[in-house]
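Heads up, query_30.pdb below (PDB, C-alpha atoms and all ligand atoms):
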```
ATOM      1  CA  MET A   1      95.878 113.602  85.996
ATOM      2  CA  ILE A   2      92.685 112.493  87.736
ATOM      3  CA  THR A   3      91.817 114.818  90.626
ATOM      4  CA  VAL A   4      90.038 114.391  93.941
ATOM      5  CA  GLU A   5      86.674 116.142  93.753
ATOM      6  CA  LYS A   6      85.109 115.356  97.112
ATOM      7  CA  ILE A   7      86.121 113.817 100.439
ATOM      8  CA  ILE A   8      83.603 111.154 101.414
ATOM      9  CA  GLU A   9      85.061 110.142 104.804
ATOM     10  CA  PRO A  10      88.217 109.200 106.679
ATOM     11  CA  ASN A  11      88.573 105.395 106.665
ATOM     12  CA  LYS A  12      87.657 103.790 109.951
ATOM     13  CA  ASN A  13      90.851 101.728 109.993
ATOM     14  CA  GLY A  14      94.372 102.505 108.924
ATOM     15  CA  ARG A  15      97.491 103.700 110.678
ATOM     16  CA  THR A  16      98.385 105.797 107.608
ATOM     17  CA  HIS A  17      95.016 107.613 107.844
ATOM     18  CA  PRO A  18      93.605 106.859 104.395
ATOM     19  CA  PHE A  19      90.482 108.638 103.120
ATOM     20  CA  THR A  20      87.649 107.504 100.882
ATOM     21  CA  VAL A  21      87.111 110.078  98.141
ATOM     22  CA  LEU A  22      85.263 110.724  94.892
ATOM     23  CA  CYS A  23      87.423 111.651  91.911
ATOM     24  CA  ASN A  24      86.565 113.533  88.728
ATOM     25  CA  ASP A  25      86.453 110.263  86.744
ATOM     26  CA  GLY A  26      83.272 109.448  88.722
ATOM     27  CA  LEU A  27      84.933 106.650  90.732
ATOM     28  CA  GLU A  28      85.479 106.273  94.452
ATOM     29  CA  TYR A  29      88.969 105.554  95.754
ATOM     30  CA  VAL A  30      90.831 104.985  99.000
ATOM     31  CA  ILE A  31      93.683 107.496  98.892
ATOM     32  CA  LYS A  32      96.938 107.681 100.843
ATOM     33  CA  MET A  33      98.927 110.869 101.168
ATOM     34  CA  LYS A  34     101.764 112.178 103.295
ATOM     35  CA  ASN A  35     100.436 113.425 106.648
ATOM     36  CA  ASP A  36     101.320 113.705 110.339
ATOM     37  CA  PHE A  37     101.008 109.926 110.732
ATOM     38  CA  THR A  38     103.112 108.880 107.727
ATOM     39  CA  ASN A  39     105.798 111.591 107.809
ATOM     40  CA  THR A  40     107.296 110.655 104.439
ATOM     41  CA  HIS A  41     106.155 109.965 100.889
ATOM     42  CA  LYS A  42     107.556 106.423 101.211
ATOM     43  CA  VAL A  43     104.058 105.110 101.955
ATOM     44  CA  GLU A  44     102.796 106.147  98.512
ATOM     45  CA  PHE A  45     106.017 104.960  96.861
ATOM     46  CA  ASN A  46     105.712 101.532  98.551
ATOM     47  CA  GLU A  47     102.074 101.261  97.456
ATOM     48  CA  LEU A  48     102.871 102.175  93.852
ATOM     49  CA  ILE A  49     105.806  99.784  93.416
ATOM     50  CA  ALA A  50     103.922  96.915  95.089
ATOM     51  CA  TYR A  51     100.861  97.591  92.924
ATOM     52  CA  ARG A  52     102.894  97.513  89.732
ATOM     53  CA  LEU A  53     104.704  94.346  90.807
ATOM     54  CA  ALA A  54     101.418  92.637  91.724
ATOM     55  CA  LYS A  55     100.111  93.404  88.225
ATOM     56  CA  LEU A  56     103.312  92.024  86.684
ATOM     57  CA  MET A  57     102.816  88.825  88.716
ATOM     58  CA  ASN A  58      99.149  88.602  87.578
ATOM     59  CA  LEU A  59      97.813  88.951  91.123
ATOM     60  CA  SER A  60      94.359  90.276  92.022
ATOM     61  CA  ILE A  61      94.508  93.796  93.436
ATOM     62  CA  PRO A  62      92.138  96.787  93.168
ATOM     63  CA  THR A  63      93.026  99.018  90.212
ATOM     64  CA  ALA A  64      95.221 101.847  91.429
ATOM     65  CA  LYS A  65      96.202 105.241  90.058
ATOM     66  CA  ILE A  66      98.027 108.357  91.045
ATOM     67  CA  VAL A  67      95.511 111.150  91.610
ATOM     68  CA  CYS A  68      95.948 114.787  92.528
ATOM     69  CA  LEU A  69      94.767 116.099  95.901
ATOM     70  CA  SER A  70      94.523 119.898  95.804
ATOM     71  CA  GLN A  71      95.207 122.261  98.679
ATOM     72  CA  SER A  72      91.681 123.677  98.351
ATOM     73  CA  ILE A  73      90.137 120.235  98.950
ATOM     74  CA  ILE A  74      92.395 119.766 101.996
ATOM     75  CA  ASP A  75      91.420 123.198 103.320
ATOM     76  CA  SER A  76      87.743 122.333 102.915
ATOM     77  CA  ASP A  77      87.986 119.220 105.120
ATOM     78  CA  ALA A  78      88.778 119.511 108.825
ATOM     79  CA  ASN A  79      89.924 115.877 109.092
ATOM     80  CA  LEU A  80      92.432 116.244 106.262
ATOM     81  CA  SER A  81      93.769 119.634 107.299
ATOM     82  CA  GLY A  82      93.881 118.433 110.924
ATOM     83  CA  ILE A  83      96.528 115.813 110.060
ATOM     84  CA  GLN A  84      98.544 118.227 107.858
ATOM     85  CA  ALA A  85      97.746 116.279 104.680
ATOM     86  CA  VAL A  86     100.166 117.208 101.909
ATOM     87  CA  SER A  87      98.677 118.288  98.567
ATOM     88  CA  GLY A  88      99.823 116.921  95.217
ATOM     89  CA  PRO A  89      99.946 113.433  93.714
ATOM     90  CA  CYS A  90      98.764 110.664  96.025
ATOM     91  CA  PHE A  91      98.147 106.933  95.735
ATOM     92  CA  ALA A  92      94.573 105.890  95.001
ATOM     93  CA  SER A  93      93.106 102.381  95.163
ATOM     94  CA  GLU A  94      89.653 101.890  93.620
ATOM     95  CA  LEU A  95      87.084 101.361  96.367
ATOM     96  CA  ARG A  96      85.681  97.835  96.352
ATOM     97  CA  ARG A  97      82.746  96.396  98.243
ATOM     98  CA  GLY A  98      83.618  93.592 100.627
ATOM     99  CA  THR A  99      85.403  92.739 103.827
ATOM    100  CA  THR A 100      88.807  92.134 105.357
ATOM    101  CA  ALA A 101      87.321  89.738 107.943
ATOM    102  CA  LEU A 102      88.294  86.614 106.013
ATOM    103  CA  THR A 103      86.721  83.492 107.473
ATOM    104  CA  ARG A 104      87.396  79.985 106.154
ATOM    105  CA  ASP A 105      83.975  80.101 104.454
ATOM    106  CA  LEU A 106      84.928  83.258 102.568
ATOM    107  CA  PHE A 107      88.230  81.741 101.506
ATOM    108  CA  ASN A 108      86.341  78.699 100.232
ATOM    109  CA  ALA A 109      83.963  80.930  98.272
ATOM    110  CA  ALA A 110      86.816  82.738  96.503
ATOM    111  CA  LYS A 111      87.351  82.062  92.807
ATOM    112  CA  ASN A 112      91.088  82.779  92.836
ATOM    113  CA  LEU A 113      92.444  80.400  95.464
ATOM    114  CA  ASN A 114      95.020  79.351  92.868
ATOM    115  CA  GLU A 115      96.696  82.725  93.541
ATOM    116  CA  ILE A 116      97.364  82.041  97.231
ATOM    117  CA  PRO A 117     100.872  80.555  96.738
ATOM    118  CA  SER A 118     101.816  83.519  94.519
ATOM    119  CA  MET A 119     100.461  85.951  97.111
ATOM    120  CA  PHE A 120     102.683  84.408  99.790
ATOM    121  CA  LEU A 121     105.704  84.615  97.479
ATOM    122  CA  PHE A 122     104.824  88.205  96.502
ATOM    123  CA  ASP A 123     104.908  89.211 100.183
ATOM    124  CA  GLU A 124     108.271  87.527 100.675
ATOM    125  CA  ILE A 125     109.678  89.323  97.632
ATOM    126  CA  ILE A 126     108.612  92.732  98.982
ATOM    127  CA  LEU A 127     109.261  91.724 102.630
ATOM    128  CA  ASN A 128     105.711  92.434 103.766
ATOM    129  CA  ASP A 129     104.852  90.986 107.181
ATOM    130  CA  ASP A 130     101.589  92.901 107.426
ATOM    131  CA  ARG A 131      99.098  90.593 105.719
ATOM    132  CA  TRP A 132      98.936  87.039 107.021
ATOM    133  CA  SER A 133      99.197  87.551 110.768
ATOM    134  CA  ASN A 134      95.961  89.482 111.139
ATOM    135  CA  TRP A 135      92.799  90.626 109.436
ATOM    136  CA  GLY A 136      92.993  93.925 107.564
ATOM    137  CA  ASN A 137      95.156  93.606 104.480
ATOM    138  CA  LEU A 138      93.579  90.805 102.487
ATOM    139  CA  PHE A 139      90.190  91.760 101.058
ATOM    140  CA  TYR A 140      87.243  89.644  99.904
ATOM    141  CA  ASP A 141      85.624  91.444  96.983
ATOM    142  CA  VAL A 142      81.890  90.705  96.935
ATOM    143  CA  ASN A 143      81.293  91.618  93.282
ATOM    144  CA  SER A 144      84.026  89.441  91.797
ATOM    145  CA  SER A 145      84.174  86.787  94.592
ATOM    146  CA  ARG A 146      87.934  87.192  94.568
ATOM    147  CA  ILE A 147      90.501  87.711  97.275
ATOM    148  CA  LEU A 148      92.398  90.945  96.640
ATOM    149  CA  LEU A 149      95.699  92.244  97.956
ATOM    150  CA  ILE A 150      95.403  95.609  99.684
ATOM    151  CA  ASP A 151      97.735  97.784 101.758
ATOM    152  CA  HIS A 152     101.399  97.867 100.847
ATOM    153  CA  SER A 153     102.407 100.675 103.188
ATOM    154  CA  ASP A 154     104.486  98.444 105.393
ATOM    155  CA  ILE A 155     106.751  96.608 102.957
ATOM    156  CA  PHE A 156     110.567  96.296 102.889
ATOM    157  CA  ILE A 157     110.400  95.335 106.603
ATOM    158  CA  ASN A 158     110.502  98.901 107.866
ATOM    159  CA  GLY A 159     107.603 100.332 105.872
ATOM    160  CA  GLN A 160     107.630 104.095 105.764
ATOM    161  CA  ILE A 161     111.151 104.418 107.187
ATOM    162  CA  TRP A 162     113.210 101.930 105.155
ATOM    163  CA  THR A 163     116.611 103.094 103.979
ATOM    164  CA  SER A 164     118.696 102.293 100.897
ATOM    165  CA  TYR A 165     121.342 100.915 103.270
ATOM    166  CA  GLU A 166     118.843  98.352 104.587
ATOM    167  CA  LEU A 167     117.698  97.297 101.129
ATOM    168  CA  ASN A 168     121.335  96.851 100.146
ATOM    169  CA  SER A 169     121.994  94.660 103.189
ATOM    170  CA  TYR A 170     119.096  92.327 102.278
ATOM    171  CA  GLN A 171     120.725  91.434  98.941
ATOM    172  CA  CYS A 172     122.486  88.280 100.099
ATOM    173  CA  LEU A 173     121.901  84.531 100.264
ATOM    174  CA  PRO A 174     120.259  82.801 101.990
ATOM    175  CA  PRO A 175     117.661  85.499 101.424
ATOM    176  CA  THR A 176     115.981  87.619 104.056
ATOM    177  CA  THR A 177     112.411  86.463 104.687
ATOM    178  CA  VAL A 178     109.492  87.535 106.842
ATOM    179  CA  SER A 179     107.968  84.926 109.144
ATOM    180  CA  LEU A 180     104.471  83.610 108.552
ATOM    181  CA  ASP A 181     101.895  83.057 111.264
ATOM    182  CA  GLY A 182      98.510  84.275 112.458
ATOM    183  CA  ARG A 183      94.892  84.248 111.445
ATOM    184  CA  ASN A 184      95.016  84.563 107.642
ATOM    185  CA  TYR A 185      98.087  82.330 107.422
ATOM    186  CA  GLU A 186      96.412  79.534 109.404
ATOM    187  CA  ILE A 187      93.661  79.284 106.798
ATOM    188  CA  ALA A 188      95.569  80.208 103.644
ATOM    189  CA  LYS A 189      98.484  77.807 104.204
ATOM    190  CA  ASP A 190      96.162  74.903 103.347
ATOM    191  CA  TYR A 191      95.879  76.219  99.774
ATOM    192  CA  VAL A 192      99.626  75.835  99.256
ATOM    193  CA  LYS A 193      99.490  72.150  98.468
ATOM    194  CA  GLY A 194     100.550  69.403  96.115
ATOM    195  CA  PRO A 195     103.982  68.704  94.650
ATOM    196  CA  ALA A 196     104.584  72.045  92.900
ATOM    197  CA  PRO A 197     102.356  74.881  94.203
ATOM    198  CA  PHE A 198     104.757  77.573  92.996
ATOM    199  CA  GLU A 199     105.349  76.181  89.520
ATOM    200  CA  SER A 200     103.086  78.561  87.617
ATOM    201  CA  ILE A 201     104.226  81.732  89.413
ATOM    202  CA  GLY A 202     107.818  80.588  88.877
ATOM    203  CA  LYS A 203     107.199  80.515  85.128
ATOM    204  CA  VAL A 204     105.728  84.019  85.266
ATOM    205  CA  ILE A 205     108.724  85.367  87.206
ATOM    206  CA  ASN A 206     111.221  83.620  84.923
ATOM    207  CA  SER A 207     109.577  85.269  81.934
ATOM    208  CA  LEU A 208     110.061  88.811  83.308
ATOM    209  CA  SER A 209     112.777  90.812  81.561
ATOM    210  CA  ASP A 210     115.106  93.236  83.350
ATOM    211  CA  ASN A 211     113.374  95.957  81.380
ATOM    212  CA  GLN A 212     109.943  95.036  82.737
ATOM    213  CA  ILE A 213     111.341  95.107  86.255
ATOM    214  CA  ASN A 214     113.073  98.456  85.679
ATOM    215  CA  ASN A 215     109.791  99.872  84.397
ATOM    216  CA  LEU A 216     108.261  99.375  87.844
ATOM    217  CA  PHE A 217     110.261 102.461  88.798
ATOM    218  CA  LYS A 218     109.234 104.734  85.913
ATOM    219  CA  ASP A 219     107.193 107.890  86.388
ATOM    220  CA  ILE A 220     107.524 108.201  90.152
ATOM    221  CA  PRO A 221     105.998 111.619  90.992
ATOM    222  CA  ILE A 222     108.766 114.162  91.405
ATOM    223  CA  GLU A 223     106.944 115.602  94.430
ATOM    224  CA  TRP A 224     107.710 112.373  96.327
ATOM    225  CA  GLN A 225     111.419 112.770  95.603
ATOM    226  CA  LYS A 226     111.987 116.403  96.552
ATOM    227  CA  ASN A 227     113.298 115.827 100.079
ATOM    228  CA  GLU A 228     115.964 113.382 101.249
ATOM    229  CA  GLU A 229     113.642 112.082 103.967
ATOM    230  CA  ASP A 230     111.047 111.135 101.332
ATOM    231  CA  VAL A 231     112.261 109.042  98.386
ATOM    232  CA  SER A 232     115.826 109.883  97.374
ATOM    233  CA  THR A 233     117.537 109.005  94.093
ATOM    234  CA  GLU A 234     119.666 106.538  96.061
ATOM    235  CA  ASP A 235     116.499 104.937  97.486
ATOM    236  CA  ILE A 236     115.091 104.358  94.011
ATOM    237  CA  ILE A 237     118.352 102.903  92.671
ATOM    238  CA  GLU A 238     118.704 100.523  95.633
ATOM    239  CA  CYS A 239     115.028  99.541  95.585
ATOM    240  CA  LYS A 240     115.277  98.653  91.909
ATOM    241  CA  LYS A 241     118.359  96.490  92.590
ATOM    242  CA  PHE A 242     116.625  94.871  95.563
ATOM    243  CA  VAL A 243     113.439  93.941  93.678
ATOM    244  CA  LEU A 244     115.512  92.542  90.823
ATOM    245  CA  PHE A 245     117.581  90.528  93.326
ATOM    246  CA  GLN A 246     114.464  89.100  94.981
ATOM    247  CA  LEU A 247     112.864  88.120  91.686
ATOM    248  CA  ARG A 248     116.038  86.531  90.337
ATOM    249  CA  ASN A 249     116.491  84.585  93.590
ATOM    250  CA  TYR A 250     112.921  83.457  94.170
ATOM    251  CA  PRO A 251     113.912  79.733  94.259
ATOM    252  CA  SER A 252     116.103  80.474  97.308
ATOM    253  CA  ILE A 253     113.187  82.312  98.923
ATOM    254  CA  LEU A 254     111.014  79.227  98.353
ATOM    255  CA  ASN A 255     113.671  77.045 100.014
ATOM    256  CA  GLU A 256     113.450  79.245 103.083
ATOM    257  CA  ILE A 257     109.639  79.295 103.356
ATOM    258  CA  HIS A 258     109.002  75.630 102.498
ATOM    259  CA  LYS A 259     108.747  74.935 106.264
ATOM    260  CA  TYR A 260     105.598  77.066 106.572
ATOM    261  CA  PHE A 261     103.572  74.890 104.204
ATOM    262  CA  PRO A 262     102.965  71.349 105.490
ATOM    263  CA  SER A 263     100.649  70.508 102.570
ATOM    264  CA  TRP A 264     103.406  71.303 100.049
ATOM    265  CA  LYS A 265     104.529  67.757  99.392
ATOM    266  CA  GLY A 266     107.807  66.671  97.944
ATOM    267  CA  GLY A 267     110.809  68.611  96.770
ATOM    268  CA  LYS A 268     111.342  72.296  96.907
TER
HETATM  269  N1  LIG B 301      90.526  99.546  97.642
HETATM  270  C1  LIG B 301      89.846  99.395  98.774
HETATM  271  N2  LIG B 301      88.532  99.067  98.743
HETATM  272  C2  LIG B 301      87.821  98.914  99.881
HETATM  273  N3  LIG B 301      88.320  99.089 101.119
HETATM  274  C3  LIG B 301      89.619  99.420 101.214
HETATM  275  C4  LIG B 301      90.457  99.588 100.072
HETATM  276  N4  LIG B 301      91.684  99.948 100.491
HETATM  277  C5  LIG B 301      91.615  99.996 101.836
HETATM  278  N5  LIG B 301      90.383  99.680 102.284
HETATM  279  C6  LIG B 301      89.908  99.626 103.684
HETATM  280  O1  LIG B 301      90.588 100.602 104.449
HETATM  281  C7  LIG B 301      91.328  99.981 105.498
HETATM  282  C8  LIG B 301      92.633 100.740 105.681
HETATM  283  O2  LIG B 301      93.383 100.684 104.482
HETATM  284  P1  LIG B 301      94.898 100.177 104.512
HETATM  285  O3  LIG B 301      94.963  98.876 105.194
HETATM  286  O4  LIG B 301      95.411 100.253 103.118
HETATM  287  O5  LIG B 301      95.537 101.347 105.387
HETATM  288  P2  LIG B 301      96.784 101.376 106.354
HETATM  289  O6  LIG B 301      96.774 102.698 107.000
HETATM  290  O7  LIG B 301      98.028 101.027 105.602
HETATM  291  O8  LIG B 301      96.436 100.233 107.368
HETATM  292  P3  LIG B 301      97.269  99.489 108.506
HETATM  293  O9  LIG B 301      96.707 100.005 109.772
HETATM  294  O10 LIG B 301      96.944  98.043 108.233
HETATM  295  O11 LIG B 301      98.728  99.798 108.271
HETATM  296  C9  LIG B 301      91.505  98.513 105.048
HETATM  297  O12 LIG B 301      91.698  97.658 106.119
HETATM  298  C10 LIG B 301      90.188  98.279 104.336
HETATM  299  O13 LIG B 301      89.175  97.994 105.251
HETATM  300 MG    MG B 302      95.929  97.922 106.531
END
```
Written as structure tokens, how would this file's structure read?
Amino acid sequence: MITVEKIIEPNKNGRTHPFTVLCNDGLEYVIKMKNDFTNTHKVEFNELIAYRLAKLMNLSIPTAKIVCLSQSIIDSDANLSGIQAVSGPCFASELRRGTTALTRDLFNAAKNLNEIPSMFLFDEIILNDDRWSNWGNLFYDVNSSRILLIDHSDIFINGQIWTSYELNSYQCLPPTTVSLDGRNYEIAKDYVKGPAPFESIGKVINSLSDNQINNLFKDIPIEWQKNEEDVSTEDIIECKKFVLFQLRNYPSILNEIHKYFPSWKGGK
């Protein structure tokens, strides 16, 4: 497993207290680990499942890995030891150069505006209400001129404290959705337009096999599953069922969110 070699700095923003680090593969990453502000390993679990699902849906997202943070590195850094960072496998997102302050000009400069409808649907599938209302969790990557998804700590409505009971209760129709409003939404909604903006992502989702969806939940670090308050076996089983339910019922989700997109003309 790739290991953290050096702490560069604590990130300026982030309720989960992420850190920018250098790893022994020579790359810089933003890492998230269990600490006094996250309390459970659900943050890393949420990030990993969302990352894998984004890749399956062909969405732009910084490459992510699981990397190992050793106790000796934590002990050598007062910021990390000060928040009781937990050693072991953590979630690492490759550091990109760019900004989360997404103006209309930056949106217009992006090469992947065709992904915007899929990004909205992705967030409804994982019940993420932490991207469109404010700046911070949609990233303009300067090198590729693409808009990237970042930050999936707060998915499944309750983020780091969701329960299997809650995920079970969301598996009904009409589906549970998160509302859309705010700064990023006001700009991005204009790119959901024409008679069938979700047609291509629909084809991608329809082509996913149960096996591909089940594989999202393979190789979850055992360290994240040790305690009931982290990620329990029941949590993983229910999360798998929930994600499958959402993907199989995406047309019903689209019915529910049609009202947010005035430029989406015609039928649902
Ligand atoms: N891969 C990345 N490349 C560059 N910058 C990043 C990357 N990941 C995160 N950041 C920066 O770090 C900030 C905090 O990261 P992130 O939003 O993932 O943390 P968080 O603790 O979940 O935040 P929040 O307060 O929104 O819940 C981001 O707003 C962004 O500026
Ligand atoms: Mg964030």
When the PyMOL selection byres (((chain A and resi 32-45) around 7) and not hetatm) is applied to the structure above, which residues does it catch, written out as an mmCIF file with C-alpha atoms, keeping the file's coordinate frame?
```cif
data_model
loop_
_atom_site.group_PDB
_atom_site.id
_atom_site.type_symbol
_atom_site.label_atom_id
_atom_site.label_comp_id
_atom_site.auth_asym_id
_atom_site.auth_seq_id
_atom_site.Cartn_x
_atom_site.Cartn_y
_atom_site.Cartn_z
ATOM 1 C CA THR A 16 98.385 105.797 107.608
ATOM 2 C CA PRO A 18 93.605 106.859 104.395
ATOM 3 C CA PHE A 19 90.482 108.638 103.120
ATOM 4 C CA VAL A 30 90.831 104.985 99.000
ATOM 5 C CA ILE A 31 93.683 107.496 98.892
ATOM 6 C CA ASN A 46 105.712 101.532 98.551
ATOM 7 C CA GLU A 47 102.074 101.261 97.456
ATOM 8 C CA LEU A 48 102.871 102.175 93.852
ATOM 9 C CA ILE A 49 105.806 99.784 93.416
ATOM 10 C CA ILE A 83 96.528 115.813 110.060
ATOM 11 C CA GLN A 84 98.544 118.227 107.858
ATOM 12 C CA ALA A 85 97.746 116.279 104.680
ATOM 13 C CA VAL A 86 100.166 117.208 101.909
ATOM 14 C CA CYS A 90 98.764 110.664 96.025
ATOM 15 C CA PHE A 91 98.147 106.933 95.735
ATOM 16 C CA ALA A 92 94.573 105.890 95.001
ATOM 17 C CA SER A 153 102.407 100.675 103.188
ATOM 18 C CA GLN A 160 107.630 104.095 105.764
ATOM 19 C CA TRP A 224 107.710 112.373 96.327
ATOM 20 C CA GLU A 229 113.642 112.082 103.967
ATOM 21 C CA ASP A 230 111.047 111.135 101.332
ATOM 22 C CA VAL A 231 112.261 109.042 98.386
#
```
Would you kindly translate the PyMOL selection byres (((chain A and resi 180) around 7) and not hetatm) into the concrete residues it picks from this file, as a PDB file with C-alpha atoms, in the coordinates of the input?
```
ATOM      1  CA  TRP A 132      98.936  87.039 107.021  1.00  0.00           C
ATOM      2  CA  SER A 133      99.197  87.551 110.768  1.00  0.00           C
ATOM      3  CA  VAL A 178     109.492  87.535 106.842  1.00  0.00           C
ATOM      4  CA  SER A 179     107.968  84.926 109.144  1.00  0.00           C
ATOM      5  CA  ASP A 181     101.895  83.057 111.264  1.00  0.00           C
ATOM      6  CA  TYR A 185      98.087  82.330 107.422  1.00  0.00           C
ATOM      7  CA  TYR A 260     105.598  77.066 106.572  1.00  0.00           C
TER       8      TYR A 260
END
```
Selection: 10 Å around A:Met1, only C-alpha atoms, excl. self and same-chain fewer than 3 positions, as number ranges by chain: A: 4, 24, 65-68, 89
Please identify every polymer residue within 7 Å of ligand MG 302 (chain B), using only C-alpha atoms and all ligand atoms, and present the set as number ranges by chain. A: 14, 136-137, 151
Near-ligand residues for ligand LIG 301 (chain B), threshold 7 Å, all atoms listed in the file, as a compact mmCIF listing (two decimals) with C-alpha atoms, in the coordinates of the input:
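What landed in part07.txt:
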```
# COMPACT_ATOMS: atom_id res chain seq x y z
CA ASN A 11 88.57 105.40 106.66
CA LYS A 12 87.66 103.79 109.95
CA ASN A 13 90.85 101.73 109.99
CA GLY A 14 94.37 102.50 108.92
CA ARG A 15 97.49 103.70 110.68
CA THR A 16 98.38 105.80 107.61
CA HIS A 17 95.02 107.61 107.84
CA PRO A 18 93.60 106.86 104.40
CA TYR A 29 88.97 105.55 95.75
CA VAL A 30 90.83 104.98 99.00
CA PRO A 62 92.14 96.79 93.17
CA SER A 93 93.11 102.38 95.16
CA GLU A 94 89.65 101.89 93.62
CA LEU A 95 87.08 101.36 96.37
CA ARG A 96 85.68 97.84 96.35
CA ARG A 97 82.75 96.40 98.24
CA GLY A 98 83.62 93.59 100.63
CA THR A 99 85.40 92.74 103.83
CA THR A 100 88.81 92.13 105.36
CA ASP A 130 101.59 92.90 107.43
CA GLY A 136 92.99 93.92 107.56
CA ASN A 137 95.16 93.61 104.48
CA ILE A 150 95.40 95.61 99.68
CA ASP A 151 97.74 97.78 101.76
CA HIS A 152 101.40 97.87 100.85
CA SER A 153 102.41 100.68 103.19
CA ASP A 154 104.49 98.44 105.39
```
Would you please work out which residue, of A:Phe242, A:Ile73, A:Asn128, A:Phe120, is nearest to A:Asn158 when using only C-alpha atoms?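 So, comparing all the options, the nearest one is A:Asn128.
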For the file shown, what are the residues hit by the PyMOL selection byres (((chain A and resi 166) around 12) and not hetatm), laid out as an mmCIF file with C-alpha atoms, in the frame of the given file?
```cif
data_model
loop_
_atom_site.group_PDB
_atom_site.id
_atom_site.type_symbol
_atom_site.label_atom_id
_atom_site.label_comp_id
_atom_site.auth_asym_id
_atom_site.auth_seq_id
_atom_site.Cartn_x
_atom_site.Cartn_y
_atom_site.Cartn_z
ATOM 1 C CA LEU A 127 109.261 91.724 102.630
ATOM 2 C CA PHE A 156 110.567 96.296 102.889
ATOM 3 C CA ILE A 157 110.400 95.335 106.603
ATOM 4 C CA ASN A 158 110.502 98.901 107.866
ATOM 5 C CA GLY A 159 107.603 100.332 105.872
ATOM 6 C CA ILE A 161 111.151 104.418 107.187
ATOM 7 C CA TRP A 162 113.210 101.930 105.155
ATOM 8 C CA THR A 163 116.611 103.094 103.979
ATOM 9 C CA SER A 164 118.696 102.293 100.897
ATOM 10 C CA TYR A 165 121.342 100.915 103.270
ATOM 11 C CA LEU A 167 117.698 97.297 101.129
ATOM 12 C CA ASN A 168 121.335 96.851 100.146
ATOM 13 C CA SER A 169 121.994 94.660 103.189
ATOM 14 C CA TYR A 170 119.096 92.327 102.278
ATOM 15 C CA GLN A 171 120.725 91.434 98.941
ATOM 16 C CA CYS A 172 122.486 88.280 100.099
ATOM 17 C CA THR A 176 115.981 87.619 104.056
ATOM 18 C CA GLU A 234 119.666 106.538 96.061
ATOM 19 C CA ASP A 235 116.499 104.937 97.486
ATOM 20 C CA GLU A 238 118.704 100.523 95.633
ATOM 21 C CA CYS A 239 115.028 99.541 95.585
ATOM 22 C CA PHE A 242 116.625 94.871 95.563
#
```
Applying 8 Å and all atoms listed in the file, which residues near A:Lys189 remain after dropping the ones on its own chain fewer than 2 positions away? List them as an NGL selection string. :A and (185-187 or 191-192 or 260-263)
Find the residues near stretch 140-149 of chain A: any atom within 10 Å, counting only C-alpha atoms, skip ones fewer than 3 places away on the same chain, and give them as an NGL selection string. :A and (50-51 or 54 or 59-62 or 96-103 or 106-107 or 109-113 or 115-116 or 119 or 123 or 131 or 137 or 152)
If I take atom CA of A:Leu254 and atom CA of A:Leu121, how far is one from the other in Å, to one decimal? 7.6 Å
Between A:Asp219, A:Glu5, A:Asp210, A:Glu228, single out the one closest to A:Gln71, counting all atoms listed in the file.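 Nearest candidate to A:Gln71 out of A:Asp219, A:Glu5, A:Asp210, A:Glu228: A:Glu5.
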Shortest interatomic distance to A:Leu53 - which of A:Ser118, A:Lys259, A:Leu173, A:Gly266, counting only C-alpha atoms: A:Ser118
Between A:Lys55, A:Asn255, A:Ile2, A:Asp25, smallest distance to A:Pro175 by all atoms listed in the file belongs to A:Asn255
Just give me the gap between atom CA of A:Ile220 and atom CA of A:Leu56 in Å, one decimal is fine. 17.1 Å
In Å, how far is it from atom CA of A:Asp129 to atom CA of A:Asn79?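 Atom-to-atom, atom CA of A:Asp129 to atom CA of A:Asn79, that is 29.1 Å.
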Between A:Ala188, A:Gly88, A:Tyr250, A:Glu28, which residue has the minimum interatomic distance to A:Ile222, considering all atoms listed in the file? A:Gly88
May I ask which of the residues A:Lys6, A:Lys218, A:Lys203, A:Lys265 is the closest one to A:Pro251, counting only C-alpha atoms?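 Smallest separation from A:Pro251 among the options: A:Lys203.
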